[in-house]
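Each remark here refers to the structure printed beneath this line.
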Amino acid sequence: TGLAWLTYYGAALAAAKGAHIGCPTVVNYFPPKLRLPIALLAEAITIGFFVLLAYTGMQVVLILEGSSLVSLTNVSLQLTQSVLPIGSVLFIIAEILRLPEVIESAKGDGFVDHELEEAGVKPAKA
């Protein structure tokens, strides 16, 4: 349970910082006129996925009403599985809040590859 919560909430935090899974180097190879529509399409797909996950996660939570953990009978399965809709909504909020930064990066010099940045590698310019 704790691992699932850590994973979903950590993913939402990564999304807020722009460090979630992505392919910034590939997007950066496109000229700015194409980079913006591609980046917006990627954002729309990401948000759409998490809307679907939040909806499905809420259905799971509703189905589990009255169920509890086998080992901890006082802990509701609804509580443990609530991470699905909550984490998804947090991810959606993070993506929406980052949208101005995404638009600016797409129109400007491109996106930062946080993995390369963390490793101290400077990406090659297209």
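Going by the structure tokens order, chains are called A, B, ..., each with residues numbered from 1, while ligands are numbered from 1 in the order shown.
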Check your understanding: Contacts of region 85-98 of chain A at 10 Å or less, counting only C-alpha atoms, minus same-chain residues fewer than 3 places along, as number ranges by chain?
Key -> A: 4-18, 43-44, 46-61, 81-82, 101-103
Exercise for review: Mind the document's chain letters and residue numbers, and return as a PyMOL selection string the residues of chain A that DSSP labels alpha helix (DSSP H).
Suggested key: chain A and resi 2-17+24-28+32-63+77-81+83-107+114-119
Review point. Taking into account only C-alpha atoms, which residue in the set A:Pro37, A:Pro32, A:Gly2, A:Gly22 is nearest to Asp109 (chain A)?
Key: A:Pro32
Exercise for review: List the neighbours of Ala106 (chain A) out to 10 Å using only C-alpha atoms; skip same-chain residues closer than 5 positions along the sequence, and give me the result as a PyMOL selection string.
Suggested key: chain A and resi 24+27-28+30-40+100-101+111
Please produce an output containing N, CA and C atoms for each residue in the selection, written as an mmCIF file, in the first residue's frame.
```
data_model
loop_
_atom_site.group_PDB
_atom_site.id
_atom_site.type_symbol
_atom_site.label_atom_id
_atom_site.label_comp_id
_atom_site.auth_asym_id
_atom_site.auth_seq_id
_atom_site.Cartn_x
_atom_site.Cartn_y
_atom_site.Cartn_z
ATOM 1 N N PRO A 24 12.149 14.330 -24.235
ATOM 2 C CA PRO A 24 12.402 15.725 -24.601
ATOM 3 C C PRO A 24 13.411 15.872 -25.737
ATOM 4 N N VAL A 27 11.597 15.438 -29.070
ATOM 5 C CA VAL A 27 10.761 16.610 -29.368
ATOM 6 C C VAL A 27 11.638 17.797 -29.760
ATOM 7 N N ASN A 28 12.811 17.921 -29.141
ATOM 8 C CA ASN A 28 13.700 19.043 -29.434
ATOM 9 C C ASN A 28 14.262 19.011 -30.856
ATOM 10 N N PHE A 30 12.599 18.662 -33.487
ATOM 11 C CA PHE A 30 11.649 19.322 -34.372
ATOM 12 C C PHE A 30 11.840 20.831 -34.299
ATOM 13 N N PRO A 31 11.551 21.543 -35.397
ATOM 14 C CA PRO A 31 11.607 23.007 -35.345
ATOM 15 C C PRO A 31 10.505 23.531 -34.422
ATOM 16 N N PRO A 32 10.691 24.731 -33.854
ATOM 17 C CA PRO A 32 9.702 25.273 -32.905
ATOM 18 C C PRO A 32 8.270 25.293 -33.420
ATOM 19 N N LYS A 33 8.066 25.498 -34.722
ATOM 20 C CA LYS A 33 6.693 25.527 -35.263
ATOM 21 C C LYS A 33 6.012 24.170 -35.137
ATOM 22 N N LEU A 34 6.764 23.089 -35.234
ATOM 23 C CA LEU A 34 6.206 21.752 -35.056
ATOM 24 C C LEU A 34 6.288 21.289 -33.604
ATOM 25 N N ARG A 35 7.278 21.806 -32.906
ATOM 26 C CA ARG A 35 7.492 21.390 -31.519
ATOM 27 C C ARG A 35 6.304 21.732 -30.638
ATOM 28 N N LEU A 36 5.716 22.890 -30.847
ATOM 29 C CA LEU A 36 4.583 23.306 -30.015
ATOM 30 C C LEU A 36 3.370 22.387 -30.195
ATOM 31 N N PRO A 37 2.919 22.104 -31.434
ATOM 32 C CA PRO A 37 1.781 21.184 -31.561
ATOM 33 C C PRO A 37 2.088 19.786 -31.026
ATOM 34 N N ILE A 38 3.306 19.312 -31.227
ATOM 35 C CA ILE A 38 3.679 17.985 -30.727
ATOM 36 C C ILE A 38 3.656 17.972 -29.202
ATOM 37 N N ALA A 39 4.203 19.018 -28.589
ATOM 38 C CA ALA A 39 4.220 19.097 -27.121
ATOM 39 C C ALA A 39 2.796 19.194 -26.568
ATOM 40 N N LEU A 40 1.943 19.967 -27.219
ATOM 41 C CA LEU A 40 0.553 20.096 -26.758
ATOM 42 C C LEU A 40 -0.206 18.785 -26.934
ATOM 43 N N PRO A 100 1.990 26.458 -19.092
ATOM 44 C CA PRO A 100 2.691 27.655 -19.596
ATOM 45 C C PRO A 100 4.194 27.417 -19.800
ATOM 46 N N GLU A 101 4.803 26.662 -18.908
ATOM 47 C CA GLU A 101 6.228 26.343 -19.045
ATOM 48 C C GLU A 101 6.473 25.457 -20.269
ATOM 49 N N PHE A 111 13.102 21.637 -24.736
ATOM 50 C CA PHE A 111 12.873 21.063 -23.419
ATOM 51 C C PHE A 111 14.176 20.596 -22.792
#
```
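You will find CA of Leu41 (chain A) at 14.2 Å from CA of Val26 (chain A).
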